[in-house]
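See below for target.cif, which holds mmCIF, C-alpha atoms.
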data_run
#
loop_
_atom_site.label_atom_id
_atom_site.label_comp_id
_atom_site.auth_asym_id
_atom_site.auth_seq_id
_atom_site.Cartn_x
_atom_site.Cartn_y
_atom_site.Cartn_z
CA MET S 27 77.73 19.22 71.86
CA ASN S 28 78.78 15.92 70.34
CA LEU S 29 81.61 16.72 67.94
CA SER S 30 80.99 14.04 65.33
CA PHE S 31 79.26 13.67 62.01
CA GLU S 32 76.65 11.26 63.35
CA ASP S 33 73.87 13.71 62.52
CA LEU S 34 74.56 13.06 58.83
CA ASN S 35 73.59 9.40 59.14
CA ASN S 36 70.64 8.59 56.83
CA LYS S 37 70.50 12.13 55.44
CA VAL S 38 69.67 12.25 51.72
CA CYS S 39 72.33 14.14 49.78
CA VAL S 40 72.11 14.93 46.07
CA ILE S 41 75.41 15.62 44.30
CA THR S 42 75.09 17.18 40.85
CA GLY S 43 77.94 16.36 38.52
CA GLY S 44 78.29 13.43 40.88
CA ALA S 45 80.13 11.14 38.48
CA GLY S 46 82.98 13.63 38.02
CA VAL S 47 86.34 13.41 39.78
CA ILE S 48 85.44 15.63 42.73
CA GLY S 49 81.80 14.54 42.93
CA SER S 50 82.63 10.85 43.00
CA SER S 51 85.19 11.33 45.79
CA ILE S 52 82.68 13.29 47.88
CA ALA S 53 80.02 10.66 47.21
CA HIS S 54 82.29 7.84 48.39
CA GLY S 55 83.34 9.78 51.48
CA LEU S 56 79.82 10.70 52.55
CA ALA S 57 78.59 7.15 52.04
CA THR S 58 81.19 5.91 54.55
CA ILE S 59 79.57 8.03 57.28
CA GLY S 60 76.05 6.84 56.53
CA VAL S 61 74.76 9.48 54.13
CA LYS S 62 72.26 8.29 51.52
CA VAL S 63 74.05 9.48 48.41
CA VAL S 64 72.32 10.42 45.17
CA VAL S 65 74.78 10.62 42.28
CA MET S 66 73.15 12.90 39.72
CA ASP S 67 74.87 13.24 36.38
CA LEU S 68 74.04 14.13 32.79
CA PHE S 69 75.20 10.62 31.85
CA LYS S 70 72.89 8.08 33.47
CA ASN S 71 75.18 5.10 32.89
CA LYS S 72 78.06 6.80 34.71
CA ALA S 73 75.81 7.79 37.62
CA GLU S 74 74.42 4.28 38.00
CA ALA S 75 77.84 2.64 37.71
CA LEU S 76 79.28 4.91 40.42
CA ALA S 77 76.29 4.34 42.71
CA ALA S 78 76.72 0.58 42.35
CA GLU S 79 80.43 0.88 43.13
CA ILE S 80 79.73 3.00 46.22
CA SER S 81 77.12 0.57 47.50
CA GLU S 82 79.50 -2.35 47.03
CA LYS S 83 82.56 -0.72 48.59
CA THR S 84 80.95 1.16 51.48
CA LYS S 85 77.83 -0.96 52.07
CA GLY S 86 76.00 2.36 52.11
CA GLN S 87 72.94 3.42 50.17
CA ALA S 88 73.58 5.09 46.84
CA LEU S 89 71.36 5.95 43.91
CA GLY S 90 72.48 6.88 40.40
CA ILE S 91 70.14 9.14 38.51
CA GLU S 92 70.12 11.19 35.33
CA GLY S 93 69.77 14.94 35.68
CA ASN S 94 70.51 17.93 33.46
CA VAL S 95 71.35 20.89 35.69
CA LEU S 96 70.31 23.30 32.93
CA ASN S 97 66.87 21.77 32.38
CA GLU S 98 64.11 22.30 34.94
CA ASP S 99 61.95 19.43 33.69
CA SER S 100 64.88 17.04 33.97
CA LEU S 101 65.54 18.17 37.54
CA LEU S 102 61.86 17.88 38.52
CA LYS S 103 61.74 14.36 37.10
CA ALA S 104 64.90 13.45 38.99
CA LYS S 105 63.55 14.91 42.23
CA GLN S 106 60.39 12.84 41.91
CA GLU S 107 62.42 9.65 41.55
CA ILE S 108 64.72 10.58 44.45
CA ASN S 109 61.72 11.22 46.70
CA ARG S 110 60.19 7.91 45.66
CA GLN S 111 63.29 5.87 46.42
CA PHE S 112 65.00 7.77 49.24
CA GLY S 113 62.48 10.27 50.60
CA PRO S 114 62.91 14.05 51.08
CA ILE S 115 66.19 15.70 50.12
CA ASP S 116 68.21 17.04 53.07
CA ILE S 117 71.41 18.20 51.37
CA LEU S 118 72.32 19.53 47.93
CA ILE S 119 75.90 19.70 46.68
CA ASN S 120 76.17 21.69 43.46
CA GLY S 121 79.14 20.00 41.86
CA ALA S 122 78.35 20.25 38.16
CA GLY S 123 80.76 22.50 36.30
CA GLY S 124 83.99 22.69 34.38
CA ASN S 125 85.90 24.56 31.69
CA ALA S 126 86.35 23.95 27.96
CA PRO S 127 88.96 24.81 25.31
CA THR S 128 86.36 26.87 23.40
CA ALA S 129 86.23 29.34 26.30
CA THR S 130 90.00 29.47 26.77
CA THR S 131 92.58 31.83 25.28
CA ASP S 132 95.96 30.54 24.09
CA ILE S 133 97.75 33.68 25.23
CA GLU S 134 97.99 34.71 28.89
CA MET S 135 98.68 38.41 28.34
CA MET S 136 98.46 40.25 25.03
CA GLU S 137 101.30 42.30 23.68
CA LYS S 138 101.37 44.63 20.68
CA SER S 139 103.07 41.90 18.68
CA ASP S 140 99.95 39.77 19.16
CA LEU S 141 97.80 42.08 17.05
CA GLY S 142 96.26 40.02 14.29
CA LEU S 143 96.31 36.83 16.37
CA ASP S 144 92.67 37.21 17.33
CA LYS S 145 92.00 33.47 17.52
CA LYS S 146 94.54 33.11 20.32
CA THR S 147 93.33 36.06 22.44
CA PHE S 148 90.27 37.46 24.15
CA TYR S 149 89.09 38.81 20.80
CA GLY S 150 88.86 35.35 19.33
CA LEU S 151 86.88 33.67 22.08
CA ASP S 152 83.92 31.66 20.86
CA LEU S 153 80.83 33.31 22.32
CA ASP S 154 78.82 30.07 22.33
CA GLY S 155 81.68 28.31 24.08
CA PHE S 156 81.92 31.12 26.64
CA ARG S 157 78.18 30.96 27.26
CA LYS S 158 78.19 27.17 27.69
CA VAL S 159 80.94 27.29 30.31
CA PHE S 160 79.35 30.18 32.19
CA ASP S 161 75.89 28.64 32.11
CA LEU S 162 77.09 25.19 33.18
CA ASN S 163 78.90 26.59 36.21
CA PHE S 164 76.56 29.37 37.31
CA LEU S 165 73.09 28.54 36.03
CA GLY S 166 73.93 24.90 36.69
CA THR S 167 74.20 25.88 40.36
CA LEU S 168 71.26 28.28 40.46
CA LEU S 169 68.62 26.03 38.85
CA PRO S 170 69.24 22.92 40.99
CA SER S 171 69.15 25.19 44.04
CA MET S 172 65.69 26.33 42.99
CA VAL S 173 64.33 22.86 42.31
CA LEU S 174 66.07 20.53 44.77
CA THR S 175 65.72 22.54 48.00
CA LYS S 176 61.91 22.47 48.16
CA ASP S 177 61.94 19.53 50.59
CA MET S 178 64.23 21.53 52.88
CA LEU S 179 61.76 24.41 52.92
CA GLU S 180 59.05 22.04 54.08
CA SER S 181 61.20 20.39 56.77
CA GLY S 182 62.66 23.70 57.97
CA LYS S 183 66.20 22.43 57.76
CA GLY S 184 68.78 21.70 55.09
CA VAL S 185 72.16 22.48 53.60
CA VAL S 186 73.31 23.68 50.19
CA LEU S 187 77.00 23.39 49.41
CA ASN S 188 78.34 25.01 46.25
CA ILE S 189 81.64 24.13 44.62
CA SER S 190 83.54 27.33 43.90
CA SER S 191 87.19 27.74 42.85
CA MET S 192 90.37 29.75 43.32
CA ASN S 193 89.24 31.62 40.20
CA ALA S 194 86.53 33.24 42.29
CA PHE S 195 89.14 35.06 44.41
CA ARG S 196 91.68 35.87 41.72
CA PRO S 197 90.79 35.39 38.06
CA LEU S 198 93.28 33.17 36.32
CA THR S 199 94.71 33.92 32.90
CA LYS S 200 93.26 32.13 29.85
CA ILE S 201 89.91 31.08 31.37
CA PRO S 202 87.62 34.13 31.61
CA ALA S 203 84.29 32.29 31.40
CA TYR S 204 85.16 29.86 34.18
CA SER S 205 86.60 32.63 36.36
CA ALA S 206 83.54 34.84 35.91
CA ALA S 207 81.16 31.98 36.66
CA LYS S 208 82.94 30.92 39.83
CA ALA S 209 83.07 34.53 41.06
CA SER S 210 79.31 34.61 40.50
CA ILE S 211 78.93 31.45 42.56
CA ASN S 212 80.66 33.09 45.53
CA ASN S 213 78.32 36.05 45.32
CA PHE S 214 75.30 33.80 44.85
CA THR S 215 76.34 31.69 47.85
CA GLU S 216 76.32 34.75 50.08
CA TRP S 217 73.09 36.08 48.59
CA LEU S 218 71.19 32.82 48.93
CA ALA S 219 72.51 32.25 52.45
CA VAL S 220 70.97 35.54 53.55
CA HIS S 221 67.76 34.96 51.61
CA LEU S 222 67.19 31.54 53.19
CA ALA S 223 68.67 32.13 56.65
CA LYS S 224 65.32 32.24 58.44
CA THR S 225 64.04 29.09 56.68
CA GLY S 226 66.58 26.85 58.36
CA ILE S 227 68.56 26.25 55.16
CA ARG S 228 72.27 27.01 55.31
CA VAL S 229 74.25 27.83 52.15
CA ASN S 230 78.05 27.66 51.96
CA ALA S 231 80.78 26.85 49.46
CA VAL S 232 84.19 25.27 49.23
CA ALA S 233 86.80 26.67 46.85
CA PRO S 234 89.21 23.95 45.74
CA GLY S 235 92.69 25.02 44.82
CA PHE S 236 94.34 23.20 41.96
CA PHE S 237 93.15 19.67 41.47
CA LEU S 238 93.90 17.69 38.32
CA THR S 239 90.55 16.94 36.69
CA GLN S 240 89.34 15.95 33.23
CA GLN S 241 88.34 19.56 32.59
CA ASN S 242 91.68 21.23 33.34
CA ARG S 243 94.22 18.51 32.55
CA PHE S 244 94.80 19.90 29.04
CA LEU S 245 96.04 23.14 30.63
CA LEU S 246 98.29 21.64 33.28
CA VAL S 247 99.85 18.50 31.80
CA ASN S 248 101.56 17.97 28.45
CA GLU S 249 99.65 15.13 26.77
CA SER S 250 102.67 13.72 24.96
CA THR S 251 105.23 13.81 27.80
CA GLU S 252 102.98 13.80 30.89
CA ASN S 253 105.23 16.54 32.27
CA LEU S 254 103.75 19.70 33.74
CA THR S 255 103.10 22.53 31.35
CA THR S 256 104.56 25.96 32.11
CA ARG S 257 101.18 26.82 33.63
CA GLY S 258 101.24 23.69 35.79
CA GLU S 259 104.73 24.55 37.04
CA LYS S 260 103.59 28.10 37.92
CA ILE S 261 100.74 26.70 39.99
CA ILE S 262 102.96 24.33 41.96
CA SER S 263 105.53 27.07 42.61
CA ASN S 264 102.76 29.31 43.98
CA THR S 265 101.20 26.63 46.18
CA PRO S 266 103.07 26.60 49.50
CA MET S 267 102.35 22.91 50.06
CA GLY S 268 104.02 22.18 46.72
CA ARG S 269 101.48 19.81 45.17
CA PHE S 270 98.13 19.58 43.45
CA GLY S 271 95.18 18.76 45.64
CA THR S 272 93.45 15.41 45.55
CA PRO S 273 89.65 15.13 45.70
CA ASP S 274 89.91 13.43 49.09
CA ASP S 275 91.47 16.62 50.47
CA LEU S 276 88.00 18.18 50.34
CA LEU S 277 86.19 15.60 52.45
CA GLY S 278 86.85 16.99 55.92
CA THR S 279 85.74 20.50 54.98
CA VAL S 280 82.69 19.17 53.15
CA ALA S 281 81.57 17.03 56.09
CA TYR S 282 82.06 19.97 58.47
CA LEU S 283 79.88 22.29 56.38
CA LEU S 284 77.15 19.69 55.92
CA SER S 285 77.00 18.67 59.57
CA ASP S 286 75.26 20.37 62.49
CA VAL S 287 78.77 20.89 63.85
CA SER S 288 78.65 24.06 61.70
CA ALA S 289 75.03 24.90 62.54
CA PHE S 290 75.79 28.65 62.92
CA VAL S 291 77.85 28.86 59.74
CA THR S 292 76.23 30.17 56.57
CA GLY S 293 77.29 32.37 53.66
CA ILE S 294 80.99 31.51 53.68
CA VAL S 295 83.43 30.17 51.11
CA ILE S 296 86.29 28.06 52.46
CA PRO S 297 89.45 27.70 50.32
CA VAL S 298 90.95 24.21 50.26
CA ASP S 299 94.05 25.11 48.33
CA GLY S 300 97.35 24.19 49.99
CA GLY S 301 97.90 27.85 50.87
CA PHE S 302 97.61 29.22 47.30
CA ASN S 303 95.21 32.02 48.18
CA ALA S 304 97.33 33.14 51.12
CA TYR S 305 100.63 33.28 49.20
CA SER S 306 101.79 36.55 47.66
CA GLY S 307 104.41 34.88 45.50
CA VAL S 308 107.35 36.30 47.49
#

What does the file become when written as structure tokens?
Amino acid sequence: MNLSFEDLNNKVCVITGGAGVIGSSIAHGLATIGVKVVVMDLFKNKAEALAAEISEKTKGQALGIEGNVLNEDSLLKAKQEINRQFGPIDILINGAGGNAPTATTDIEMMEKSDLGLDKKTFYGLDLDGFRKVFDLNFLGTLLPSMVLTKDMLESGKGVVLNISSMNAFRPLTKIPAYSAAKASINNFTEWLAVHLAKTGIRVNAVAPGFFLTQQNRFLLVNESTENLTTRGEKIISNTPMGRFGTPDDLLGTVAYLLSDVSAFVTGIVIPVDGGFNAYSGV
């Protein structure tokens, strides 16, 4: 066996949420090894700008396209355009997701003295906000998997890579919607891997540890001082490597799971977390 990623050359890879922090890093990295990258994002201008930047910096082929991961018609329209410009889809990375303040509690753990502070606790969560976060992360993975893997069924080969989270292993305080959705993604990854195993499509996931992104920055960094919040300090103290991850830290694991190097690997979730999941805290 040739232990390289040469088999990924000229493969067509769609990345949902591709203009986000993690998606854009993965897109850049895959383009450097010859992958035809499709940056799919809800915001067309961001997707097109990133694709142009990737093409310029890597000399690779990149396409920016609009796509709403919660709208089947939008995804079908996007698939048609991808097929027209790049051909059949070989790889799908489900990267769309994120958290929101409307689905976040102010208080980590309730005490009796917190009675009457409903707006700061579980009892004051906005149901619409909870639903939006859950749907974006879970249904926003399920629906693209339904629509954008049809080419793989026809070719008899393909890869789906879901973006999970540390929340899937151990739910974090304050963010119940995000934690529940990511736990669902782990379960769905295993389920779909079994369901599609005989079709030639592999399904796996990566679970990033703590990366500073637009979605979680408000929880981890004080806006006025730029110092870590108490929550941010807790995370660093419980990460054996002593730092937040950077999006580039994911690239090796992503390339491994997409490549034929891992041809007998399906239905797994790999933490990329600086040791957070392995650490007991003592």

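Selecting by distance to (84.8, 29.5, 56.2) with a limit of 10 Å and using only C-alpha atoms, one obtains S:Asn230, S:Ala231, S:Val232, S:Ala233, S:Thr279, S:Leu283, S:Ser288, S:Val291, S:Thr292, S:Gly293, S:Ile294, S:Val295, S:Ile296, S:Pro297.
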
Carefully work through the PyMOL selection byres ((chain S and resi 41) around 8) for this structure and note down the residues it includes, as a JSON list (two decimals) with C-alpha atoms, keeping the file's coordinate frame.
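Written output follows (part_23.json):
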[["chain", "number", "residue", "atom", "x", "y", "z"],
["S", 39, "CYS", "CA", 72.33, 14.14, 49.78],
["S", 40, "VAL", "CA", 72.11, 14.93, 46.07],
["S", 42, "THR", "CA", 75.09, 17.18, 40.85],
["S", 43, "GLY", "CA", 77.94, 16.36, 38.52],
["S", 44, "GLY", "CA", 78.29, 13.43, 40.88],
["S", 49, "GLY", "CA", 81.80, 14.54, 42.93],
["S", 53, "ALA", "CA", 80.02, 10.66, 47.21],
["S", 63, "VAL", "CA", 74.05, 9.48, 48.41],
["S", 64, "VAL", "CA", 72.32, 10.42, 45.17],
["S", 65, "VAL", "CA", 74.78, 10.62, 42.28],
["S", 66, "MET", "CA", 73.15, 12.90, 39.72],
["S", 118, "LEU", "CA", 72.32, 19.53, 47.93],
["S", 119, "ILE", "CA", 75.90, 19.70, 46.68],
["S", 120, "ASN", "CA", 76.17, 21.69, 43.46],
["S", 121, "GLY", "CA", 79.14, 20.00, 41.86]]

Applying the PyMOL selection byres ((chain S and resi 163-165) around 8) to the file I just gave you, which residues come out? Please list them as JSON, numbers by chain.
{"S": [95, 96, 122, 123, 124, 159, 160, 161, 162, 166, 167, 168, 169, 204, 207, 208, 210, 211]}

Long-range neighbours of S:Leu276 as a ChimeraX atom specification, 8 Å cut-off, all atoms listed in the file, 4 positions minimum in chain:
/S:52,234,272,280,298

Between atom CA of S:Met136 and atom CA of S:Thr199, what is the distance, to one decimal in Å?
10.8 Å

Apply the PyMOL selection byres ((chain S and resi 130) around 10) to the file shown and report the selected residues as a list in words.
Asn125, Ala126, Pro127, Thr128, Ala129, Thr131, Asp132, Ile133, Glu134, Lys146, Thr147, Phe148, Gly150, Leu151, Asp152, Gly155, Phe156, Val159, Thr199, Lys200, Ile201, Pro202, Ala203, Tyr204 and Leu245 of chain S

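When atom CA of S:Val308 is paired with atom CA of S:Arg196, their separation reads 16.7 Å.
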
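In this model, the gap between atom CA of S:Leu56 and atom CA of S:Ala209 comes to 26.7 Å.
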
What's around S:Ile80 at 9 Å? Count only C-alpha atoms, leave out sequence neighbours fewer than 5 positions away in its own chain, and write the answer as a ChimeraX atom specification.
/S:50,53-54,57-58,63,75,85-88

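Closest to S:Phe237 among S:Asp33, S:Glu92, S:Asp274, S:Asp286 is S:Asp274, based on all atoms listed in the file.
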
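Counting all atoms listed in the file, the residue from S:Ala289, S:Ile262, S:Ala77, S:Leu174 that sits nearest to S:Gln106 is S:Leu174.
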
Excluding S:Val173 and its own-chain neighbours fewer than 6 positions away, which residues fall within 9 Å of it when counting only C-alpha atoms? Please give them as a list in words.
Glu98, Leu101, Leu102 and Lys105 of chain S

Determine, counting only C-alpha atoms, which protein, DNA and RNA residues have an atom within 10 Å of an atom of S:Glu32; residues of the same chain fewer than 6 positions away are not included. Present the result as a PyMOL selection string.
chain S and resi 59-61+285-287

Using all atoms listed in the file, the residue out of S:Asp99, S:Ala206, S:Thr84, S:Asn36 with shortest distance to S:Arg157 is S:Ala206

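Ranking S:Lys72, S:Lys176, S:Lys138, S:Lys83 by their shortest atom-to-atom distance to S:Pro114, with only C-alpha atoms included, puts S:Lys176 first.
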
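Within the 12 Å cut-off around stretch 304-306 of chain S, using all atoms listed in the file and omitting residues fewer than 5 positions from it on the same chain, the listed residues are Met192, Phe195, Arg196, Gly235, Ile261, Ile262, Ser263, Asn264, Thr265, Pro266, Met267, Gly268, Pro297, Val298 and Asp299 of chain S.
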